[in-house]
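K.L.:
First, the structure itself, so that you have it in front of you.
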There are 2 protein chains.
Amino acid sequence: MSARHVLALSGGVGGAKLAAGLAAVLPPEDLTIVVNTGDDFEHLGLTICPDIDSVAYALTGLNDVVRGWGIRDESWHAMAMLRALGEDDWFNLGDRDMGMHIARSWRLREGATLSEVTARLTRSLGIVHAIVPMSDGPVRTRIGTAEGWMDFQRYFVAEQCRPIATGVRFDGAATARPSLAFEAALARKDLGAIVICPSNPYLSVDPILALPGVREALAGRRVPLVAVSPLVGGASLKGPLGKLLHELGRPVGNGSIADHYGDLLDHLVIDEADAADAGPLRDRGLCVTVTGTVMCDAEVRERLARVALSVARIETG
Amino acid sequence: MSARHVLALSGGVGGAKLAAGLAAVLPPEDLTIVVNTGDDFEHLGLTICPDIDSVAYALTGLNDVVRGWGIRDESWHAMAMLRALGEDDWFNLGDRDMGMHIARSWRLREGATLSEVTARLTRSLGIVHAIVPMSDGPVRTRIGTAEGWMDFQRYFVAEQCRPIATGVRFDGAATARPSLAFEAALARKDLGAIVICPSNPYLSVDPILALPGVREALAGRRVPLVAVSPLVGGASLKGPLGKLLHELGRPVGNGSIADHYGDLLDHLVIDEADAADAGPLRDRGLCVTVTGTVMCDAEVRERLARVALSVARIETG
């Protein structure tokens, strides 16, 4: 059995794009995409899983590439009614997106696991690759601020990341078990590589690493672990990574990404705009590949996926 | 205190139109609209109250008069997504309508009563008149068929009333208490009239009458009880009343409506197309008014509301 299975760890937008690239170049049996669920939340009685949906929409091409989240050509009538009814409107939900949340919420309430629901929803959308929640248990990312700990979506969407972050924690992570499919992927005999997609290490990847046994499993890996940096030109394309690094007292650059993953990381793929980071990273013993990482279209996503896989010595067709 | 308060009992479409007419000619303090909840059901994890919504949409003018249900200029994107996800699509829900169900469902799940939620939703829509569910407890209308008892919406929407009905029952009615506002309206010292709107007596009005104490309170009334017949030209404009009367072995005509309400009824308003029914009805001691009852626009709704109120000796402005 050749070791060709790829385990990808992903958050939302940037991570979802690379996950779509990986899915475009790998057959379904060779890829497991494990997705952060620390951003999940209950809103208006619905269970919303932003990162799972971002990955699912990216793989189907339903994603809105201009807005950067949700479904393209979306309409907003249910939300307009909810607003008219005096309900919270700080988290905008499109009509088709709402269909996802309704289907997910009622099946969860009927007793299905998040893994089961995610498998069902993604298959229904025509996705043949495995999109797997990191855990079926609730993990909720919270941000430390001057006003206390804040729910992730409150910080991220309602407050638009304005509060100064003093810390990040993952409520429930210590007792949440990785999903069965995540555990199975970690234990696969044919595992050939682990890819950390270009998502925020603190907010999107750390919740995955915080689950019991995950960090240990990755530390004991026998296969290359490749991360694609979410930084481009020393800043994050989307989201608060640059601001967050600054507030946590860390230099805004790929050195901090490498520091953060430490011994887990074998190879970091960085953007050509950050080519100057390569020397110092190599000096500390890390393998570095410099390439274009701005995934503006499907072609670039696939090319970047091939780069990440080739440095892990995974062959693609 | 002049006895000028009007208690209206309503089901969906036809009843909702007269309820809107009553609201157009009576000030808010003079009208309580009690609405059937026997048609309510749980679907895709949402609590759907078709008759309450029909009345609310009719009073705001949001209702689609061509389709006869739901909201006009509606879109259907959430439902399209739910269909794509393999969820049941036999009960079609528009996007704005979905906003109502989401808001209602999550507030019910948070512990609010249906009365509280209905008051909140209708006020948010700008409705100043009281729309009151008949009960906060679950009552579920079921239809007897050759295949056994069938949930109302399954019979009404999925099966489009095709099964031959052998009976009707109201699960939960015997132990459900009328809502506080319904009880309060029945007990008002200034109650001046009770109006049964032109809804299906068996399916939409009987659930209300089946609640403990309601039939007794109506039997002991000291004010006129006026019903507007749902029949026009010996048939129902919408819905299965004609078919149902036939299947239950009763003549399809206003005699059956009068029989059904029996001693509860003081005055029946019938359509001019059924003028021939007036004589026989009067012969048995019932007061009858013959007028146009097809509420094709707001003007006719208001005129019919004034007719119903005038026979009950309620003055309108």
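Residues in the structure tokens are numbered from 1 in each chain, the chains being A, B, ... in the order shown, and ligands are numbered from 1 in the order shown.
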Hey, what's within 12 Å of Glu110 (chain B) if we count only C-alpha atoms and toss same-chain stuff fewer than 5 positions away? As an MDAnalysis selection string, please?
P.N.:
(chainID A and resid 43:45) or (chainID B and resid 103:105 116:117)
K.L.:
Fewer than 4 positions away in the same chain doesn't count, so skip those; otherwise give me all residues within 10 Å of region 275-279 of chain A, counting only C-alpha atoms, as a list of chain:residue names.
P.N.:
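With the cut-off at 10 Å, the set is A:Gly233, A:Gly234, A:Gly253, A:Asn254, A:Gly255, A:Leu268, A:Val269, A:Ile270, A:Asp271, A:Asp283, A:Arg284, A:Leu286, A:Cys287, A:Val288, A:Thr289, A:Val290, A:Thr291.
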K.L.:
Would you mind exporting N, CA and C atoms of the selected residues as a PDB file, in the first residue's frame?
P.N.:
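File written: part09.pdb
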ATOM      1  N   GLY A 233       2.740  38.964   2.018  1.00  0.00           N
ATOM      2  CA  GLY A 233       3.342  40.296   2.188  1.00  0.00           C
ATOM      3  C   GLY A 233       3.282  40.746   3.637  1.00  0.00           C
ATOM      4  N   GLY A 234       3.448  39.811   4.564  1.00  0.00           N
ATOM      5  CA  GLY A 234       3.496  40.149   5.992  1.00  0.00           C
ATOM      6  C   GLY A 234       2.149  40.494   6.590  1.00  0.00           C
ATOM      7  N   GLY A 253       4.930  37.997  10.872  1.00  0.00           N
ATOM      8  CA  GLY A 253       5.728  37.441   9.798  1.00  0.00           C
ATOM      9  C   GLY A 253       5.744  35.930   9.912  1.00  0.00           C
ATOM     10  N   ASN A 254       6.330  35.300   8.898  1.00  0.00           N
ATOM     11  CA  ASN A 254       6.314  33.835   8.863  1.00  0.00           C
ATOM     12  C   ASN A 254       7.136  33.188   9.985  1.00  0.00           C
ATOM     13  N   GLY A 255       8.068  33.978  10.570  1.00  0.00           N
ATOM     14  CA  GLY A 255       8.795  33.458  11.737  1.00  0.00           C
ATOM     15  C   GLY A 255       7.831  33.085  12.851  1.00  0.00           C
ATOM     16  N   LEU A 268       7.312  24.719   5.325  1.00  0.00           N
ATOM     17  CA  LEU A 268       6.390  25.852   5.247  1.00  0.00           C
ATOM     18  C   LEU A 268       6.406  26.413   3.825  1.00  0.00           C
ATOM     19  N   VAL A 269       5.230  26.550   3.249  1.00  0.00           N
ATOM     20  CA  VAL A 269       5.088  27.168   1.928  1.00  0.00           C
ATOM     21  C   VAL A 269       4.693  28.621   2.167  1.00  0.00           C
ATOM     22  N   ILE A 270       5.508  29.549   1.672  1.00  0.00           N
ATOM     23  CA  ILE A 270       5.236  30.970   1.904  1.00  0.00           C
ATOM     24  C   ILE A 270       5.062  31.687   0.574  1.00  0.00           C
ATOM     25  N   ASP A 271       4.481  32.869   0.667  1.00  0.00           N
ATOM     26  CA  ASP A 271       4.198  33.618  -0.558  1.00  0.00           C
ATOM     27  C   ASP A 271       5.466  34.300  -1.066  1.00  0.00           C
ATOM     28  N   ASP A 283      17.522  28.857   8.004  1.00  0.00           N
ATOM     29  CA  ASP A 283      18.638  28.859   8.957  1.00  0.00           C
ATOM     30  C   ASP A 283      18.292  28.086  10.226  1.00  0.00           C
ATOM     31  N   ARG A 284      16.991  28.039  10.560  1.00  0.00           N
ATOM     32  CA  ARG A 284      16.614  27.298  11.764  1.00  0.00           C
ATOM     33  C   ARG A 284      16.199  25.866  11.455  1.00  0.00           C
ATOM     34  N   LEU A 286      14.158  24.649   8.942  1.00  0.00           N
ATOM     35  CA  LEU A 286      12.854  24.374   8.334  1.00  0.00           C
ATOM     36  C   LEU A 286      12.996  24.332   6.811  1.00  0.00           C
ATOM     37  N   CYS A 287      12.297  23.418   6.170  1.00  0.00           N
ATOM     38  CA  CYS A 287      12.213  23.459   4.709  1.00  0.00           C
ATOM     39  C   CYS A 287      11.216  24.534   4.310  1.00  0.00           C
ATOM     40  N   VAL A 288      11.543  25.295   3.304  1.00  0.00           N
ATOM     41  CA  VAL A 288      10.679  26.397   2.879  1.00  0.00           C
ATOM     42  C   VAL A 288      10.533  26.363   1.358  1.00  0.00           C
ATOM     43  N   THR A 289       9.296  26.543   0.912  1.00  0.00           N
ATOM     44  CA  THR A 289       9.061  26.730  -0.515  1.00  0.00           C
ATOM     45  C   THR A 289       8.413  28.099  -0.701  1.00  0.00           C
ATOM     46  N   VAL A 290       8.932  28.846  -1.650  1.00  0.00           N
ATOM     47  CA  VAL A 290       8.390  30.172  -1.945  1.00  0.00           C
ATOM     48  C   VAL A 290       7.603  30.079  -3.253  1.00  0.00           C
ATOM     49  N   THR A 291       6.352  30.489  -3.199  1.00  0.00           N
ATOM     50  CA  THR A 291       5.525  30.423  -4.413  1.00  0.00           C
ATOM     51  C   THR A 291       4.364  31.404  -4.271  1.00  0.00           C
TER      52      THR A 291
END
K.L.:
Contacts from chain B to chain A, 12 Å maximum, only C-alpha atoms: show me the residue list as JSON, numbers by chain.
P.N.:
{"B": [42, 43, 44, 45, 46, 47, 62, 71, 73, 74, 75, 76, 77, 78, 79, 80, 81, 82, 83, 84, 85, 86, 87, 88, 89, 93, 94, 95, 96, 97, 98, 99, 100, 101, 102, 103, 104, 105, 106, 107, 108, 109, 110, 111, 117, 118, 119, 120, 121, 122, 123, 124, 125, 126, 127]}
K.L.:
Please, what distance in Å, to one decimal, runs between CA of Val128 (chain B) and CA of Gly21 (chain B)?
P.N.:
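Separation between CA of Val128 (chain B) and CA of Gly21 (chain B): 13.8 Å.
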K.L.:
Find the spatial neighbours of region 218-229 of chain A, counting only C-alpha atoms, within a cut-off of 8 Å - ignore same-chain residues fewer than 2 positions away - and output them as a ChimeraX atom specification.
P.N.:
/A:186,191-199,214-216,231-232,254,257,263-271,293,308,311-312
K.L.:
Apply DSSP to the backbone of this structure and, from region 52-216 of chain A, keep only the residues in strand (DSSP E or B); write these as a list in words.
P.N.:
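Answer for region 52-216 of chain A, restricted to strand (DSSP E or B): Asn63, Ile71, Ala130, Ile131, Val132, Pro133, Ser135, Arg140, Thr141, Arg142, Ile143, Gly144, Thr145, Gly148, Trp149, Met150, Asp151, Gly167, Val168, Arg169, Phe170, Asp171, Pro178, Leu191, Gly192, Ala193, Ile194, Val195 and Ile196 of chain A.
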K.L.:
Kindly export the residues of the current selection with N, CA and C atoms, as a tab-separated table (two decimals), in the first residue's frame.
P.N.:
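See out-v1.tsv below for the written result:
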chain	number	residue	atom	x	y	z
A	63	ASN	N	-19.29	28.93	-3.54
A	63	ASN	CA	-18.80	30.04	-2.70
A	63	ASN	C	-18.75	31.36	-3.45
A	71	ILE	N	-22.59	31.99	-0.10
A	71	ILE	CA	-22.90	31.45	-1.42
A	71	ILE	C	-23.01	32.59	-2.43
A	130	ALA	N	-14.11	13.58	1.43
A	130	ALA	CA	-14.57	13.58	2.83
A	130	ALA	C	-14.28	14.92	3.51
A	131	ILE	N	-15.35	15.61	3.86
A	131	ILE	CA	-15.23	16.81	4.70
A	131	ILE	C	-15.69	16.39	6.09
A	132	VAL	N	-14.81	16.51	7.05
A	132	VAL	CA	-15.01	15.91	8.36
A	132	VAL	C	-14.88	16.98	9.45
A	133	PRO	N	-15.86	17.11	10.32
A	133	PRO	CA	-15.67	18.04	11.43
A	133	PRO	C	-14.57	17.52	12.34
A	135	SER	N	-14.46	17.44	15.40
A	135	SER	CA	-15.04	16.76	16.55
A	135	SER	C	-16.55	16.79	16.44
A	140	ARG	N	-15.89	25.58	21.53
A	140	ARG	CA	-16.24	26.95	21.19
A	140	ARG	C	-15.06	27.87	21.46
A	141	THR	N	-14.54	28.47	20.40
A	141	THR	CA	-13.42	29.39	20.50
A	141	THR	C	-13.88	30.70	21.15
A	142	ARG	N	-13.12	31.17	22.12
A	142	ARG	CA	-13.46	32.44	22.75
A	142	ARG	C	-12.21	33.31	22.79
A	143	ILE	N	-12.43	34.60	22.65
A	143	ILE	CA	-11.33	35.56	22.55
A	143	ILE	C	-11.29	36.39	23.84
A	144	GLY	N	-10.10	36.44	24.44
A	144	GLY	CA	-9.92	37.29	25.60
A	144	GLY	C	-9.83	38.75	25.17
A	145	THR	N	-10.62	39.60	25.82
A	145	THR	CA	-10.58	41.04	25.50
A	145	THR	C	-10.62	41.81	26.81
A	148	GLY	N	-13.50	41.02	28.85
A	148	GLY	CA	-13.68	39.62	29.23
A	148	GLY	C	-13.66	38.72	28.01
A	149	TRP	N	-13.98	37.46	28.23
A	149	TRP	CA	-13.98	36.49	27.13
A	149	TRP	C	-15.19	36.69	26.24
A	150	MET	N	-14.95	36.68	24.96
A	150	MET	CA	-16.01	36.98	23.98
A	150	MET	C	-16.18	35.78	23.04
A	151	ASP	N	-17.43	35.42	22.75
A	151	ASP	CA	-17.67	34.36	21.78
A	151	ASP	C	-17.02	34.73	20.45
A	167	GLY	N	-5.95	36.92	24.50
A	167	GLY	CA	-5.77	35.47	24.54
A	167	GLY	C	-6.86	34.78	23.75
A	168	VAL	N	-6.68	33.50	23.55
A	168	VAL	CA	-7.65	32.67	22.82
A	168	VAL	C	-7.80	31.38	23.60
A	169	ARG	N	-9.04	30.93	23.76
A	169	ARG	CA	-9.22	29.62	24.40
A	169	ARG	C	-10.30	28.84	23.66
A	170	PHE	N	-10.32	27.53	23.90
A	170	PHE	CA	-11.22	26.65	23.15
A	170	PHE	C	-12.06	25.88	24.14
A	171	ASP	N	-13.17	26.47	24.53
A	171	ASP	CA	-14.02	25.83	25.53
A	171	ASP	C	-14.51	24.48	25.03
A	178	PRO	N	-11.73	13.89	19.16
A	178	PRO	CA	-11.70	14.08	17.70
A	178	PRO	C	-12.75	13.18	17.05
A	191	LEU	N	-1.31	6.77	5.33
A	191	LEU	CA	-1.18	8.23	5.42
A	191	LEU	C	0.16	8.64	4.83
A	192	GLY	N	0.12	9.61	3.94
A	192	GLY	CA	1.34	10.02	3.26
A	192	GLY	C	1.78	11.44	3.59
A	193	ALA	N	0.85	12.26	4.00
A	193	ALA	CA	1.19	13.66	4.30
A	193	ALA	C	0.07	14.32	5.08
A	194	ILE	N	0.49	15.32	5.84
A	194	ILE	CA	-0.48	16.17	6.54
A	194	ILE	C	-0.26	17.59	6.04
A	195	VAL	N	-1.35	18.23	5.64
A	195	VAL	CA	-1.26	19.59	5.12
A	195	VAL	C	-2.09	20.52	6.01
A	196	ILE	N	-1.42	21.54	6.55
A	196	ILE	CA	-2.18	22.57	7.27
A	196	ILE	C	-2.47	23.68	6.27
K.L.:
May I ask for the distance between CA of Ala210 (chain A) and CA of Ile314 (chain A), given in Å to one decimal place?
P.N.:
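It comes out at 26.9 Å.
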K.L.:
Between A:Ala20, A:Val139, A:Ala185, A:Leu248, single out the one closest to Asp40 (chain A), counting only C-alpha atoms.
P.N.:
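Of A:Ala20, A:Val139, A:Ala185, A:Leu248, the one nearest Asp40 (chain A), counting only C-alpha atoms, is A:Val139.
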K.L.:
Would you work out the distance separating CA of Ala235 (chain B) from CA of Ile33 (chain B), expressed in Å to one decimal?
P.N.:
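Rounded to one decimal, the two atoms are 25.3 Å apart.
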K.L.:
Per DSSP on the backbone, filter region 197-258 of chain A down to the residues in helix (DSSP H, G or I) and report them as a list in words.
P.N.:
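Output for region 197-258 of chain A, helix (DSSP H, G or I) only: Pro201, Tyr202, Leu203, Ser204, Val205, Asp206, Pro207, Ile208, Leu209, Val214, Arg215, Glu216, Ala217, Leu218, Ala219, Leu241, Gly242, Lys243, Leu244, Leu245, His246, Glu247, Asn254, Gly255, Ser256, Ile257 and Ala258 of chain A.
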K.L.:
Excluding Gly14 (chain A) and residues on its chain fewer than 2 positions from it, collect all residues at most 8 Å away from it, counting only C-alpha atoms, and give them as JSON, numbers by chain.
P.N.:
{"A": [11, 12, 16, 17, 18, 197, 198, 199, 230, 238, 295]}
K.L.:
Would you save the residues from that selection as a PDB file, in the first residue's frame, using N, CA and C atoms?
P.N.:
ATOM      1  N   GLY A  11      -9.367  25.680   8.215  1.00  0.00           N
ATOM      2  CA  GLY A  11     -10.363  26.598   8.759  1.00  0.00           C
ATOM      3  C   GLY A  11     -11.264  27.037   7.618  1.00  0.00           C
ATOM      4  N   GLY A  12     -11.641  28.313   7.615  1.00  0.00           N
ATOM      5  CA  GLY A  12     -12.585  28.820   6.627  1.00  0.00           C
ATOM      6  C   GLY A  12     -11.923  29.279   5.328  1.00  0.00           C
ATOM      7  N   ALA A  16     -10.198  26.881   3.069  1.00  0.00           N
ATOM      8  CA  ALA A  16     -11.203  26.249   2.206  1.00  0.00           C
ATOM      9  C   ALA A  16     -10.760  26.259   0.745  1.00  0.00           C
ATOM     10  N   LYS A  17     -10.088  27.341   0.342  1.00  0.00           N
ATOM     11  CA  LYS A  17      -9.624  27.414  -1.054  1.00  0.00           C
ATOM     12  C   LYS A  17      -8.572  26.353  -1.328  1.00  0.00           C
ATOM     13  N   LEU A  18      -7.634  26.186  -0.404  1.00  0.00           N
ATOM     14  CA  LEU A  18      -6.627  25.147  -0.634  1.00  0.00           C
ATOM     15  C   LEU A  18      -7.260  23.763  -0.555  1.00  0.00           C
ATOM     16  N   CYS A 197      -3.744  23.878   6.005  1.00  0.00           N
ATOM     17  CA  CYS A 197      -4.167  24.849   4.998  1.00  0.00           C
ATOM     18  C   CYS A 197      -3.930  26.272   5.505  1.00  0.00           C
ATOM     19  N   PRO A 198      -3.906  27.252   4.613  1.00  0.00           N
ATOM     20  CA  PRO A 198      -3.603  28.630   5.013  1.00  0.00           C
ATOM     21  C   PRO A 198      -4.755  29.280   5.785  1.00  0.00           C
ATOM     22  N   SER A 199      -4.955  28.794   7.000  1.00  0.00           N
ATOM     23  CA  SER A 199      -5.954  29.360   7.898  1.00  0.00           C
ATOM     24  C   SER A 199      -5.214  29.942   9.093  1.00  0.00           C
ATOM     25  N   PRO A 230      -0.691  31.481   5.936  1.00  0.00           N
ATOM     26  CA  PRO A 230      -1.807  32.379   5.600  1.00  0.00           C
ATOM     27  C   PRO A 230      -1.361  33.828   5.384  1.00  0.00           C
ATOM     28  N   LYS A 238      -7.292  37.937   4.499  1.00  0.00           N
ATOM     29  CA  LYS A 238      -8.624  38.103   5.113  1.00  0.00           C
ATOM     30  C   LYS A 238      -8.440  37.839   6.593  1.00  0.00           C
ATOM     31  N   MET A 295      -4.841  32.615  -3.859  1.00  0.00           N
ATOM     32  CA  MET A 295      -5.658  31.700  -4.672  1.00  0.00           C
ATOM     33  C   MET A 295      -6.838  32.417  -5.302  1.00  0.00           C
TER      34      MET A 295
END
K.L.:
Of the candidates A:Arg313, A:Arg162, A:Arg282, A:His5, which one gets nearest to Pro240 (chain A) if we count only C-alpha atoms?
P.N.:
A:Arg162
K.L.:
Which residues, written as a list in words, have at least one atom at most 8 Å from Gln153 (chain B), with only C-alpha atoms counted and residues fewer than 3 positions away on the same chain left out?
P.N.:
Asp39, Phe41, Phe156, Val157 and Ala158 of chain B
K.L.:
Could the residues in this selection be saved with N, CA and C atoms as a compact mmCIF listing (two decimals), in the first residue's frame?
P.N.:
# COMPACT_ATOMS: atom_id res chain seq x y z
N ASP B 39 -53.81 23.22 12.83
CA ASP B 39 -53.02 22.96 11.61
C ASP B 39 -51.52 23.08 11.85
N PHE B 41 -47.71 22.52 12.82
CA PHE B 41 -46.91 21.30 12.79
C PHE B 41 -45.43 21.63 12.83
N PHE B 156 -53.62 17.70 3.84
CA PHE B 156 -54.03 18.94 3.18
C PHE B 156 -53.06 19.34 2.07
N VAL B 157 -51.77 19.23 2.32
CA VAL B 157 -50.76 19.72 1.37
C VAL B 157 -50.14 18.56 0.58
N ALA B 158 -49.57 17.59 1.30
CA ALA B 158 -48.87 16.52 0.57
C ALA B 158 -49.85 15.70 -0.26
